[in-house]
file query_36.cif (mmCIF, C-alpha atoms)
data_structure
loop_
_atom_site.label_atom_id
_atom_site.label_comp_id
_atom_site.auth_asym_id
_atom_site.auth_seq_id
_atom_site.Cartn_x
_atom_site.Cartn_y
_atom_site.Cartn_z
CA MET W 151 -12.42 21.54 -10.83
CA LYS W 152 -9.96 18.68 -11.47
CA LYS W 153 -8.57 16.55 -8.63
CA SER W 154 -5.25 14.83 -9.33
CA ILE W 155 -4.81 11.68 -7.25
CA VAL W 156 -2.74 8.50 -7.06
CA LEU W 157 -4.59 5.21 -7.52
CA CYS W 158 -2.42 2.49 -5.95
CA ALA W 159 -2.91 -1.27 -6.27
CA ASP W 160 -1.49 -3.15 -3.28
CA ASP W 161 0.03 -6.64 -2.95
CA TYR W 162 1.86 -6.90 -6.28
CA GLY W 163 3.98 -10.05 -6.20
CA GLN W 164 1.88 -11.86 -3.62
CA ALA W 165 0.34 -14.29 -6.15
CA PRO W 166 0.19 -14.69 -9.96
CA ALA W 167 -3.51 -13.76 -10.19
CA ILE W 168 -2.84 -10.53 -8.30
CA SER W 169 0.25 -9.50 -10.25
CA GLN W 170 -1.24 -10.32 -13.66
CA GLY W 171 -4.42 -8.42 -12.85
CA ILE W 172 -2.40 -5.37 -11.85
CA ILE W 173 -0.27 -5.59 -15.01
CA ASN W 174 -3.44 -5.72 -17.12
CA LEU W 175 -4.76 -2.56 -15.45
CA ILE W 176 -1.43 -0.77 -15.87
CA GLU W 177 -1.51 -1.58 -19.58
CA LYS W 178 -5.02 -0.10 -19.79
CA GLY W 179 -3.83 3.08 -18.03
CA ARG W 180 -6.13 2.54 -15.04
CA LEU W 181 -3.51 2.71 -12.23
CA SER W 182 -0.77 5.17 -11.34
CA ALA W 183 1.01 3.14 -8.63
CA THR W 184 1.52 -0.37 -7.34
CA SER W 185 3.00 -1.58 -4.07
CA CYS W 186 5.21 -4.69 -4.08
CA MET W 187 5.62 -7.57 -1.62
CA VAL W 188 9.25 -8.49 -2.20
CA ASN W 189 9.53 -11.41 0.25
CA SER W 190 7.11 -13.43 -1.89
CA ASP W 191 8.37 -16.50 -3.74
CA TYR W 192 6.98 -14.91 -6.91
CA TRP W 193 8.77 -11.57 -6.61
CA ALA W 194 11.86 -12.27 -8.76
CA GLU W 195 9.72 -13.36 -11.71
CA HIS W 196 6.95 -10.81 -11.28
CA ALA W 197 9.40 -7.93 -10.92
CA LYS W 198 10.45 -8.53 -14.52
CA TRP W 199 6.86 -7.96 -15.63
CA LEU W 200 6.97 -4.48 -14.06
CA LEU W 201 10.22 -3.29 -15.61
CA PRO W 202 8.63 -1.88 -18.81
CA TYR W 203 6.33 0.35 -16.73
CA GLN W 204 8.84 2.11 -14.48
CA GLN W 205 8.35 5.43 -16.27
CA GLN W 206 4.57 5.03 -16.42
CA ILE W 207 3.64 4.41 -12.78
CA ASP W 208 5.04 4.74 -9.26
CA ILE W 209 6.42 1.38 -8.13
CA GLY W 210 6.86 1.10 -4.38
CA LEU W 211 7.66 -1.21 -1.49
CA HIS W 212 4.78 -2.84 0.40
CA PHE W 213 6.78 -3.36 3.60
CA ASN W 214 5.69 -6.67 5.03
CA LEU W 215 5.89 -8.00 8.59
CA THR W 216 2.82 -10.24 8.72
CA GLU W 217 2.98 -12.73 5.86
CA GLY W 218 5.65 -15.17 4.67
CA ARG W 219 9.32 -15.38 5.51
CA ALA W 220 11.63 -12.66 6.83
CA LEU W 221 14.58 -11.70 4.64
CA SER W 222 17.06 -10.41 7.22
CA LYS W 223 19.16 -12.58 9.52
CA GLU W 224 18.74 -10.15 12.42
CA TYR W 225 14.94 -10.27 12.24
CA GLN W 226 15.07 -14.08 12.00
CA SER W 227 17.32 -14.34 15.04
CA ARG W 228 15.18 -11.97 17.14
CA HIS W 229 11.64 -12.85 16.06
CA GLY W 230 11.79 -16.06 14.01
CA ASP W 231 12.16 -17.03 10.38
CA HIS W 232 8.49 -16.49 9.54
CA PHE W 233 6.41 -13.40 10.21
CA GLN W 234 3.65 -13.51 12.79
CA ALA W 235 -0.05 -12.78 12.20
CA LEU W 236 -1.26 -9.19 12.26
CA GLY W 237 -2.74 -9.40 15.75
CA GLN W 238 0.53 -10.64 17.23
CA VAL W 239 2.60 -8.00 15.45
CA LEU W 240 0.21 -5.28 16.59
CA ARG W 241 0.35 -6.47 20.20
CA ARG W 242 4.14 -6.64 20.18
CA ALA W 243 4.35 -3.19 18.59
CA PHE W 244 2.17 -1.56 21.25
CA THR W 245 3.93 -3.38 24.09
CA ARG W 246 7.26 -2.28 22.57
CA SER W 247 8.49 -5.87 22.45
CA LEU W 248 9.48 -5.62 18.80
CA SER W 249 13.18 -5.03 18.25
CA GLN W 250 13.66 -1.74 16.43
CA SER W 251 17.06 -2.81 15.11
CA ALA W 252 15.51 -6.01 13.73
CA ILE W 253 12.76 -4.01 12.01
CA GLU W 254 15.40 -1.70 10.52
CA ALA W 255 17.40 -4.69 9.30
CA GLU W 256 14.30 -6.20 7.70
CA LEU W 257 13.40 -2.93 6.02
CA HIS W 258 16.93 -2.62 4.64
CA ALA W 259 16.70 -6.21 3.36
CA GLN W 260 13.37 -5.60 1.65
CA ILE W 261 14.63 -2.37 0.06
CA ASP W 262 17.71 -4.30 -1.17
CA CYS W 263 15.48 -7.01 -2.64
CA PHE W 264 13.35 -4.39 -4.39
CA GLN W 265 16.35 -2.49 -5.72
CA ASP W 266 18.14 -5.62 -6.94
CA ALA W 267 15.11 -6.55 -9.04
CA MET W 268 14.03 -3.10 -10.23
CA GLY W 269 17.41 -1.41 -10.58
CA GLN W 270 16.32 1.58 -8.49
CA PRO W 271 14.96 2.34 -5.01
CA PRO W 272 11.21 2.23 -4.35
CA ARG W 273 9.33 5.35 -5.43
CA PHE W 274 7.31 5.12 -2.22
CA VAL W 275 6.92 2.97 0.89
CA ASP W 276 3.74 1.77 2.57
CA GLY W 277 2.94 -1.24 4.73
CA HIS W 278 1.13 -4.52 4.20
CA GLN W 279 -1.84 -4.26 6.56
CA HIS W 280 -0.51 -0.75 7.37
CA VAL W 281 2.30 -2.05 9.59
CA HIS W 282 4.54 0.90 8.65
CA GLN W 283 2.54 3.16 10.98
CA PHE W 284 2.74 0.91 14.06
CA PRO W 285 4.81 1.93 17.10
CA VAL W 286 8.47 0.90 16.82
CA VAL W 287 7.99 0.19 13.10
CA ARG W 288 7.37 3.85 12.21
CA THR W 289 10.46 4.91 14.16
CA ALA W 290 12.51 2.30 12.31
CA LEU W 291 11.06 3.57 9.03
CA MET W 292 12.15 7.12 9.81
CA ARG W 293 15.73 6.01 10.50
CA VAL W 294 15.98 3.92 7.34
CA TYR W 295 14.36 6.69 5.31
CA GLU W 296 17.12 9.11 6.28
CA GLN W 297 19.80 6.55 5.47
CA ARG W 298 18.43 5.18 2.21
CA LEU W 299 15.48 7.07 0.75
CA ARG W 300 15.51 10.81 1.43
CA SER W 301 18.02 11.51 -1.33
CA HIS W 302 15.65 9.80 -3.79
CA HIS W 303 12.64 11.89 -2.66
CA THR W 304 10.73 8.72 -1.86
CA TYR W 305 7.25 9.37 -0.51
CA ILE W 306 5.44 7.60 2.32
CA ARG W 307 1.80 6.59 2.22
CA LEU W 308 -0.24 8.11 5.02
CA VAL W 309 -3.65 6.79 6.06
CA ASN W 310 -5.22 10.13 6.96
CA GLU W 311 -8.87 9.66 6.00
CA PRO W 312 -10.97 11.65 8.51
CA LEU W 313 -13.04 9.66 10.97
CA GLU W 314 -16.74 10.43 11.25
CA LEU W 315 -19.07 9.49 14.10
CA ARG W 316 -20.84 6.93 11.90
CA ASP W 317 -17.52 5.14 11.29
CA PHE W 318 -17.53 3.91 14.89
CA ILE W 319 -20.69 1.98 14.02
CA GLN W 320 -20.45 1.31 10.29
CA SER W 321 -16.70 1.10 9.61
CA PHE W 322 -14.88 -0.24 12.64
CA LYS W 323 -12.11 -1.44 10.30
CA LYS W 324 -11.33 2.17 9.39
CA VAL W 325 -11.34 3.15 13.06
CA ILE W 326 -8.87 0.41 14.01
CA ILE W 327 -6.53 1.29 11.14
CA ARG W 328 -6.57 4.99 12.09
CA MET W 329 -6.01 4.19 15.79
CA THR W 330 -2.90 2.07 15.20
CA GLY W 331 -0.57 4.94 14.43
CA SER W 332 -1.63 7.17 11.56
CA TRP W 333 -1.70 10.38 13.60
CA SER W 334 1.76 9.71 15.04
CA LEU W 335 3.14 8.91 11.60
CA ALA W 336 1.60 12.11 10.23
CA ARG W 337 3.40 14.18 12.86
CA MET W 338 6.70 12.49 12.01
CA LEU W 339 6.29 13.07 8.27
CA GLN W 340 5.38 16.71 8.77
CA LYS W 341 8.21 17.36 11.24
CA LYS W 342 10.80 15.72 9.00
CA LYS W 343 9.33 17.22 5.81
CA ILE W 344 8.95 13.82 4.16
CA PRO W 345 6.72 13.78 1.05
CA HIS W 346 3.36 12.08 1.57
CA ASN W 347 -0.16 12.06 0.20
CA LEU W 348 -2.42 14.82 1.56
CA SER W 349 -5.58 12.74 1.71
CA PHE W 350 -6.47 9.05 1.61
CA THR W 351 -9.37 6.68 1.12
CA GLY W 352 -10.09 3.15 -0.06
CA ILE W 353 -10.81 1.27 3.18
CA TYR W 354 -13.93 -0.90 3.20
CA SER W 355 -15.14 -4.24 4.50
CA PHE W 356 -14.28 -6.87 1.89
CA ALA W 357 -17.66 -8.44 2.61
CA GLN W 358 -19.13 -5.47 0.71
CA ALA W 359 -17.08 -6.13 -2.43
CA GLY W 360 -20.23 -6.84 -4.46
CA HIS W 361 -21.05 -3.14 -4.13
CA TYR W 362 -17.59 -1.92 -5.09
CA PRO W 363 -18.70 0.51 -7.86
CA GLN W 364 -20.88 2.34 -5.34
CA LEU W 365 -18.13 2.27 -2.73
CA PHE W 366 -15.58 3.63 -5.18
CA MET W 367 -17.87 6.48 -6.16
CA ARG W 368 -17.90 7.45 -2.49
CA PHE W 369 -14.09 7.28 -2.45
CA LEU W 370 -13.98 9.61 -5.45
CA GLU W 371 -16.35 12.04 -3.75
CA ASN W 372 -14.36 12.06 -0.50
CA ILE W 373 -10.80 12.20 -1.85
CA ASN W 374 -9.11 15.59 -2.04
CA ALA W 375 -6.52 16.81 -4.51
CA ALA W 376 -3.06 15.28 -3.98
CA GLY W 377 -4.72 12.28 -2.37
CA LEU W 378 -4.28 8.54 -2.73
CA ILE W 379 -6.87 5.80 -3.13
CA MET W 380 -5.79 2.30 -2.10
CA CYS W 381 -7.17 -0.73 -3.97
CA HIS W 382 -6.60 -4.50 -4.19
CA PRO W 383 -7.48 -5.77 -7.69
CA GLY W 384 -6.64 -9.20 -9.07
CA LEU W 385 -7.76 -11.81 -11.55
CA SER W 386 -10.08 -14.60 -10.50
CA ASP W 387 -8.29 -17.11 -8.27
CA LEU W 388 -10.03 -20.38 -7.47
CA SER W 389 -7.14 -21.87 -5.48
CA GLY W 390 -8.61 -20.81 -2.15
CA ALA W 391 -5.24 -19.56 -0.91
CA ASP W 392 -6.27 -15.88 -1.04
CA THR W 393 -8.98 -15.06 1.49
CA ILE W 394 -10.02 -11.89 -0.36
CA ALA W 395 -9.85 -13.31 -3.90
CA ARG W 396 -13.51 -12.52 -4.59
CA SER W 397 -13.04 -8.90 -3.54
CA ARG W 398 -9.97 -8.59 -5.73
CA PHE W 399 -11.87 -9.81 -8.80
CA GLU W 400 -14.80 -7.47 -8.11
CA GLU W 401 -12.35 -4.56 -8.00
CA TYR W 402 -10.56 -5.77 -11.13
CA GLN W 403 -13.78 -5.95 -13.11
CA TYR W 404 -14.73 -2.43 -12.05
CA PHE W 405 -11.35 -0.88 -12.88
CA SER W 406 -11.41 -2.61 -16.27
CA SER W 407 -14.81 -1.16 -17.09
CA ASP W 408 -15.95 1.99 -18.87
CA GLN W 409 -17.95 2.82 -15.76
CA PHE W 410 -14.71 3.48 -13.87
CA ILE W 411 -13.70 6.04 -16.50
CA ARG W 412 -17.13 7.70 -16.40
CA ASP W 413 -17.10 7.82 -12.60
CA CYS W 414 -13.69 9.52 -12.53
CA GLN W 415 -14.83 12.04 -15.12
CA SER W 416 -18.03 12.79 -13.22
CA GLN W 417 -15.99 13.68 -10.11
CA GLY W 418 -13.26 15.55 -11.98
CA VAL W 419 -10.65 13.00 -10.87
CA VAL W 420 -7.44 12.53 -12.86
CA ILE W 421 -5.24 9.51 -12.07
CA ARG W 422 -1.57 10.53 -11.95
CA CYS W 423 1.77 9.61 -10.42
CA PHE W 424 2.76 11.37 -7.21
CA ASP W 425 5.07 13.84 -8.94
CA GLY W 426 2.20 14.94 -11.15
CA LEU W 427 -0.09 15.87 -8.26
CA GLU W 428 -1.02 19.46 -7.60
CA ARG W 429 -0.08 19.99 -3.96
#
call {"tool": "encode", "arguments": {"input": "query_36.cif", "output": "structure tokens"}}
result
Amino acid sequence: MKKSIVLCADDYGQAPAISQGIINLIEKGRLSATSCMVNSDYWAEHAKWLLPYQQQIDIGLHFNLTEGRALSKEYQSRHGDHFQALGQVLRRAFTRSLSQSAIEAELHAQIDCFQDAMGQPPRFVDGHQHVHQFPVVRTALMRVYEQRLRSHHTYIRLVNEPLELRDFIQSFKKVIIRMTGSWSLARMLQKKKIPHNLSFTGIYSFAQAGHYPQLFMRFLENINAAGLIMCHPGLSDLSGADTIARSRFEEYQYFSSDQFIRDCQSQGVVIRCFDGLER
């Protein structure tokens, strides 16, 4: 039985090696979505590279609150010109010391930046380091969605991979991600009837990147129809600026290979855009 899923490459626009690697995979027909960091210095140029593929893949907004410079004046005035590290954002979200209006303003600004470059709203929204599911942030996302995105049938990425007992020992990263708001976001999406993926996988420790083909086979086995697999491919980058550059290149090599095609076929997985999923 065939399983239609979205395969989404994150962090487009963050760096040239990442964007070019993703473009290469799109040209080979290996991806069905990519998620864009629009506050990057590279975004204006890299957005042009994506324009020919707007009808081929889902191009979405990778809403960012943890890396680089804020785009909105309200966010800058409330929380500073530059975003804080993930741990600080997470703490401020759970202590409710983030300004919801500032988050809404920043989301509007990032949507504007995306739309100015691509000529259309994002096909979907997710979050860099999953910030879109955090307290305060998810409420801001719901408000902006109603104002800007519902009429375009934009979908929201949901991290809803089931937790197993062994995850609390072997995959603490997955546990933390799930515990930072995915259940609350799921309830919001269901209550408001907002389109979202029905299953999710792709989380792993980047220290295990050398075993990515085996890890991805497990993702293929665990994903359900109408699901989404997250990935982070990129070309080799020796600059040292990207802390997960090695992992990105391991993923890129796998997705470029014939083994990736054989693995998808063996599990009956078909890579499609969200609108082509059987839900």
call {"tool": "axis_aligned_box", "arguments": {"input": "query_36.cif", "around": "range 208-218 of chain W", "padding_each_side": "8 Å", "output": "AutoDock Vina command-line options"}}
result
--center_x 5.2 --center_y -5.2 --center_z -0.3 --size_x 20.8 --size_y 35.9 --size_z 34.0
call {"tool": "atom_distance", "arguments": {"input": "query_36.cif", "atom1": "CA of Phe350 in chain W", "atom2": "CA of Arg398 in chain W"}}
result
19.4 Å
call {"tool": "closest_atom_pairs", "arguments": {"input": "query_36.cif", "of": "range 371-392 of chain W", "to": "range 289-309 of chain W", "cutoff": "12 Å", "atoms": "all atoms listed in the file", "output": "tab-separated table"}}
result
residue	atom	partner	partner_atom	distance
W:Ile373	CA	W:Val309	CA	12.0
W:Ala376	CA	W:Arg307	CA	11.7
W:Gly377	CA	W:Leu308	CA	9.6
W:Leu378	CA	W:Arg307	CA	8.1
W:Ile379	CA	W:Val309	CA	9.8
W:Met380	CA	W:Val309	CA	9.6
call {"tool": "closest_residue", "arguments": {"input": "query_36.cif", "among": "W:Gln234, W:Asn189, W:Gln283, W:Ser154", "to": "Arg337 in chain W", "atoms": "only C-alpha atoms"}}
result
W:Gln283
call {"tool": "resolve_selection", "arguments": {"input": "query_36.cif", "expression": "the PyMOL selection byres ((chain W and resi 369) around 12)", "output": "ChimeraX atom specification"}}
result
/W:155,157,311,349-354,362-368,370-374,377-381,413-414,417,419
call {"tool": "residues_around", "arguments": {"input": "query_36.cif", "residues": "Gly179 in chain W", "least_positions_apart": "3", "cutoff": "12 Å", "atoms": "only C-alpha atoms", "output": "list in words"}}
result
Leu157, Ile172, Ile173, Asn174, Leu175, Ile176, Ser182, Ala183, Tyr203, Gln206, Ile207, Phe405, Ser406, Ser407, Phe410, Ile411, Val420, Ile421, Arg422 and Cys423 of chain W
call {"tool": "write_last_selection", "arguments": {"input": "query_36.cif", "atoms": "C-alpha atoms", "output": "short mmCIF file (atom, residue, chain, number, x, y, z; two decimals), keeping the file's coordinate frame"}}
result
data_model
loop_
_atom_site.label_atom_id
_atom_site.label_comp_id
_atom_site.auth_asym_id
_atom_site.auth_seq_id
_atom_site.Cartn_x
_atom_site.Cartn_y
_atom_site.Cartn_z
CA LEU W 157 -4.59 5.21 -7.52
CA ILE W 172 -2.40 -5.37 -11.85
CA ILE W 173 -0.27 -5.59 -15.01
CA ASN W 174 -3.44 -5.72 -17.12
CA LEU W 175 -4.76 -2.56 -15.45
CA ILE W 176 -1.43 -0.77 -15.87
CA SER W 182 -0.77 5.17 -11.34
CA ALA W 183 1.01 3.14 -8.63
CA TYR W 203 6.33 0.35 -16.73
CA GLN W 206 4.57 5.03 -16.42
CA ILE W 207 3.64 4.41 -12.78
CA PHE W 405 -11.35 -0.88 -12.88
CA SER W 406 -11.41 -2.61 -16.27
CA SER W 407 -14.81 -1.16 -17.09
CA PHE W 410 -14.71 3.48 -13.87
CA ILE W 411 -13.70 6.04 -16.50
CA VAL W 420 -7.44 12.53 -12.86
CA ILE W 421 -5.24 9.51 -12.07
CA ARG W 422 -1.57 10.53 -11.95
CA CYS W 423 1.77 9.61 -10.42
#
call {"tool": "residues_near_point", "arguments": {"input": "query_36.cif", "point": "(15.3, -4.7, 19.1)", "cutoff": "10 Å", "atoms": "only C-alpha atoms", "output": "ChimeraX atom specification"}}
result
/W:224-225,228-229,246-254,286
call {"tool": "atom_distance", "arguments": {"input": "query_36.cif", "atom1": "CA of Glu217 in chain W", "atom2": "CA of His278 in chain W"}}
result
8.6 Å
call {"tool": "closest_residue", "arguments": {"input": "query_36.cif", "among": "W:His382, W:Lys324, W:Lys152, W:Arg396", "to": "Ser169 in chain W", "atoms": "only C-alpha atoms"}}
result
W:His382
call {"tool": "residues_around", "arguments": {"input": "query_36.cif", "residues": "Thr245 in chain W", "least_positions_apart": "6", "cutoff": "12 Å", "atoms": "all atoms listed in the file", "output": "PyMOL selection string"}}
result
chain W and resi 238-239+284-286
call {"tool": "resolve_selection", "arguments": {"input": "query_36.cif", "expression": "the PyMOL selection byres ((chain W and resi 219) around 9)", "output": "PDB file with C-alpha atoms, in the frame of the given file"}}
result
ATOM      1  CA  ASN W 189       9.530 -11.410   0.250  1.00  0.00           C
ATOM      2  CA  SER W 190       7.110 -13.430  -1.890  1.00  0.00           C
ATOM      3  CA  LEU W 215       5.890  -8.000   8.590  1.00  0.00           C
ATOM      4  CA  THR W 216       2.820 -10.240   8.720  1.00  0.00           C
ATOM      5  CA  GLU W 217       2.980 -12.730   5.860  1.00  0.00           C
ATOM      6  CA  GLY W 218       5.650 -15.170   4.670  1.00  0.00           C
ATOM      7  CA  ALA W 220      11.630 -12.660   6.830  1.00  0.00           C
ATOM      8  CA  LEU W 221      14.580 -11.700   4.640  1.00  0.00           C
ATOM      9  CA  GLN W 226      15.070 -14.080  12.000  1.00  0.00           C
ATOM     10  CA  GLY W 230      11.790 -16.060  14.010  1.00  0.00           C
ATOM     11  CA  ASP W 231      12.160 -17.030  10.380  1.00  0.00           C
ATOM     12  CA  HIS W 232       8.490 -16.490   9.540  1.00  0.00           C
ATOM     13  CA  PHE W 233       6.410 -13.400  10.210  1.00  0.00           C
TER      14      PHE W 233
END
call {"tool": "atom_distance", "arguments": {"input": "query_36.cif", "atom1": "CA of Ser355 in chain W", "atom2": "CA of Glu401 in chain W"}}
result
12.8 Å
call {"tool": "closest_residue", "arguments": {"input": "query_36.cif", "among": "W:Met268, W:Leu385, W:Lys153, W:Phe356", "to": "Pro202 in chain W", "atoms": "all atoms listed in the file"}}
result
W:Met268
